[in-house]
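Following: one structure in structure tokens, then a few remarks.
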Amino acid sequence: MTFLRIGLLSFGGPAAQIALLHREIVEERQWLNERQYLQALSFCMLLPGPEAMQLATWIGWRLRGTLGGLIAGGLFLLPGAVLIAVLALAYSSYGARPEVAGLMLGVKATVIALVAQALLKLGRKVLRRRGALLISLAAFAALYVLHLPFPVVIACAALTGWFSQPSGPAPDVQPVPAPVTDRLWVWPLWVTLWFAPMIAAALAGQTLLYDIGMLFSKLAVFSFGGAYAVLAWLAQEAVTARGWLEAAQMADALGLAETTPGPLILVTQFVGMITGFAAGGWPMALAAGGMVLWVTFIPCFLWIFAFAPHLERLLARPRLQAALEAITAAVLGVVANLALWFALHVLFAETRIPHLGPLAPELPVLQSLQPAALGLTLLAALLLGPLRRSVPLTLALTATASYALTNY
């Protein structure tokens, strides 16, 4: 019941969720001490995927083994996943109505402010490190101007950080040794579980479900830096490359995910369900949402159950830490690209892409600026910034203002 309660209250993104876990687990119940909690948090930040959900899974594993990890991680996800499913089905059925479109303009304007806010927070943390600005600018240019795939950008950043540090453990840390063969059984079991639904979809001739499973499996492996970083790649794949969604629907997905508890990465479930609904109605939407949830979060359980015994050893590697810092710097550029992408598609009715050799930046058609969207974005920035209002309240106010502007 503890983790179900945490799942129901886990609004506000990873920072708020990590603080909630600390209060419930360390301060109130004292199931872990401060050192254990901070070590586990550092460990989860090394892994791809949502760190708050993985931290909850690690706490459950630490307290009650594999079953405890499954219960803790599952209950952390459950409330948000159920609510996202309801919102996705409602959006699929009624999203085209004019009054709904009017509400969603305010939501999309708030998304711009939220991503910009996340960019500023990340920038203050990242740009203190040497070389971080160059890595961030290179990542932004690679995505915005060259349209390189997200995994390539992250891999290059990781290699840059890895080779910038000497090998071996940190001199002031003595890692606790763990047998190399410890828990090797975890890999074949969880990898089999991971790929089983994709194999079943392929054998059944469900090409779309198979494609969804493969795309979101890759996303699960490369999802360093939080949901905002992953969304840049998801938009690149689902909107630009595959045409599953429109840019406006992608912005709607993030805005609605911001209103629910649980990890923000649940926006991927929304995207999968919208894609499935367009192909086959409610049954395909539910199947696609289930596939996305499975291939997104089964890897999270795998990382925790496979690597948890090696926590101290992993945290003692300077090269691993340097690779993570370089990835974080690259994520700043990725989030900047995402912020610009959302702003272009919400604030302007038209964009153009001039082709200058290998360079193909997306630029706005200035005459197509939408004043209502600009005004709502400034309102959201004011509410979230100087006035320090909560995300749900901001979304409610901007959606109401948007509805009034577009319907009266």
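Each chain in the structure tokens gets a letter, A, B and so on, in the order shown; residues start at 1 in every chain, and ligands are counted from 1 in the order they appear.
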_Give me, as a PyMOL selection string, all polymer residues having an atom no more than 10 Å from A:Pro358, counting only C-alpha atoms and skipping those fewer than 5 positions away in the same chain._
chain A and resi 145-147
Output for the residues just chosen: C-alpha atoms as a PDB file, in the first residue's frame:
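Listed below is the output, part-v4.pdb:
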ATOM      1  CA  VAL A 145      20.662  21.118 -38.438  1.00  0.00           C
ATOM      2  CA  LEU A 146      21.949  17.670 -39.470  1.00  0.00           C
ATOM      3  CA  HIS A 147      18.984  15.563 -38.272  1.00  0.00           C
TER       4      HIS A 147
END
*asked:* For A:Leu286, find every residue with an atom within 10 Å (counting only C-alpha atoms), except residues of its own chain fewer than 5 positions away, and show them as a list in words.
replied: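 Residues near the query, excluding close chain neighbours: Ala85, Ala88, Leu89, Gln269, Gly272, Met273, Ile274, Gly276, Phe277, Gly280, Gly281, Met291 and Val292 of chain A.
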Output for the residues just chosen: N, CA, C and O atoms as a JSON list (two decimals), in the first residue's frame:
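selection_11.json, freshly written:
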[["chain", "number", "residue", "atom", "x", "y", "z"],
["A", 85, "ALA", "N", -4.27, 5.86, -20.07],
["A", 85, "ALA", "CA", -5.10, 5.06, -20.98],
["A", 85, "ALA", "C", -6.47, 5.71, -21.17],
["A", 85, "ALA", "O", -6.98, 5.81, -22.29],
["A", 88, "ALA", "N", -6.03, 8.90, -23.26],
["A", 88, "ALA", "CA", -5.72, 8.62, -24.65],
["A", 88, "ALA", "C", -6.96, 8.18, -25.42],
["A", 88, "ALA", "O", -7.18, 8.60, -26.57],
["A", 89, "LEU", "N", -7.79, 7.33, -24.79],
["A", 89, "LEU", "CA", -9.02, 6.89, -25.46],
["A", 89, "LEU", "C", -9.99, 8.05, -25.63],
["A", 89, "LEU", "O", -10.64, 8.18, -26.68],
["A", 269, "GLN", "N", 3.23, 5.85, -23.74],
["A", 269, "GLN", "CA", 1.99, 5.05, -23.78],
["A", 269, "GLN", "C", 0.91, 5.81, -24.54],
["A", 269, "GLN", "O", 0.18, 5.22, -25.36],
["A", 272, "GLY", "N", 1.66, 5.68, -28.24],
["A", 272, "GLY", "CA", 1.34, 4.37, -28.78],
["A", 272, "GLY", "C", -0.15, 4.15, -28.95],
["A", 272, "GLY", "O", -0.60, 3.59, -29.97],
["A", 273, "MET", "N", -0.94, 4.61, -27.99],
["A", 273, "MET", "CA", -2.39, 4.40, -28.07],
["A", 273, "MET", "C", -3.02, 5.25, -29.16],
["A", 273, "MET", "O", -3.94, 4.79, -29.85],
["A", 274, "ILE", "N", -2.55, 6.48, -29.34],
["A", 274, "ILE", "CA", -3.06, 7.32, -30.44],
["A", 274, "ILE", "C", -2.75, 6.67, -31.78],
["A", 274, "ILE", "O", -3.58, 6.61, -32.69],
["A", 276, "GLY", "N", -2.22, 3.43, -32.32],
["A", 276, "GLY", "CA", -3.04, 2.23, -32.45],
["A", 276, "GLY", "C", -4.48, 2.54, -32.78],
["A", 276, "GLY", "O", -5.10, 1.86, -33.60],
["A", 277, "PHE", "N", -5.03, 3.58, -32.17],
["A", 277, "PHE", "CA", -6.43, 3.94, -32.44],
["A", 277, "PHE", "C", -6.63, 4.32, -33.90],
["A", 277, "PHE", "O", -7.63, 3.95, -34.52],
["A", 280, "GLY", "N", -6.74, 0.95, -35.80],
["A", 280, "GLY", "CA", -7.73, -0.09, -35.56],
["A", 280, "GLY", "C", -8.68, 0.17, -34.41],
["A", 280, "GLY", "O", -9.18, -0.80, -33.83],
["A", 281, "GLY", "N", -8.93, 1.41, -34.06],
["A", 281, "GLY", "CA", -9.90, 1.71, -33.03],
["A", 281, "GLY", "C", -9.44, 1.34, -31.63],
["A", 281, "GLY", "O", -8.25, 1.16, -31.38],
["A", 291, "MET", "N", 1.69, -2.79, -25.41],
["A", 291, "MET", "CA", 3.02, -3.08, -25.98],
["A", 291, "MET", "C", 4.03, -2.02, -25.54],
["A", 291, "MET", "O", 5.16, -2.35, -25.14],
["A", 292, "VAL", "N", 3.64, -0.76, -25.61],
["A", 292, "VAL", "CA", 4.56, 0.32, -25.22],
["A", 292, "VAL", "C", 4.94, 0.21, -23.74],
["A", 292, "VAL", "O", 6.12, 0.32, -23.38]]
*From a DSSP calculation on the backbone, collect every residue of stretch 59-205 of chain A in alpha helix (DSSP H) and output the set as a PyMOL selection string.*
chain A and resi 59-94+98-126+132-144+150-163+186-203
*Please provide as a list in words all residues within 8 Å of A:Ala116, with the sequence filter that same-chain residues fewer than 3 positions apart are discarded (counting only C-alpha atoms).*
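Final neighbour list, sorted by chain and number: Ile112, Ala113, Leu119, Leu120, Ala336 and Ala339 of chain A.
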Using only C-alpha atoms, what table do you get, as JSON lines, when you list each residue of stretch 7-98 of chain A with an atom no more than 7 Å from stretch 213-231 of chain A, its nearest pair of atoms, and their distance in Å rounded to one decimal, rows by chain then rising number?
{"residue": "A:Pro48", "atom": "CA", "partner": "A:Phe224", "partner_atom": "CA", "distance": 4.6}
{"residue": "A:Gly49", "atom": "CA", "partner": "A:Ser223", "partner_atom": "CA", "distance": 5.3}
{"residue": "A:Pro50", "atom": "CA", "partner": "A:Gly226", "partner_atom": "CA", "distance": 6.2}
*Looking at only C-alpha atoms, which of A:Ala251, A:Val331, A:Leu393, A:Arg317 is the one that sits closest to A:Leu344?*
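Of A:Ala251, A:Val331, A:Leu393, A:Arg317, the one nearest A:Leu344 is A:Ala251, counting only C-alpha atoms.
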_So the first atom is atom CA of A:Glu362 and the second is atom CA of A:Leu143; what is the distance between them in Å, to one decimal place?_
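It comes out at 10.8 Å.
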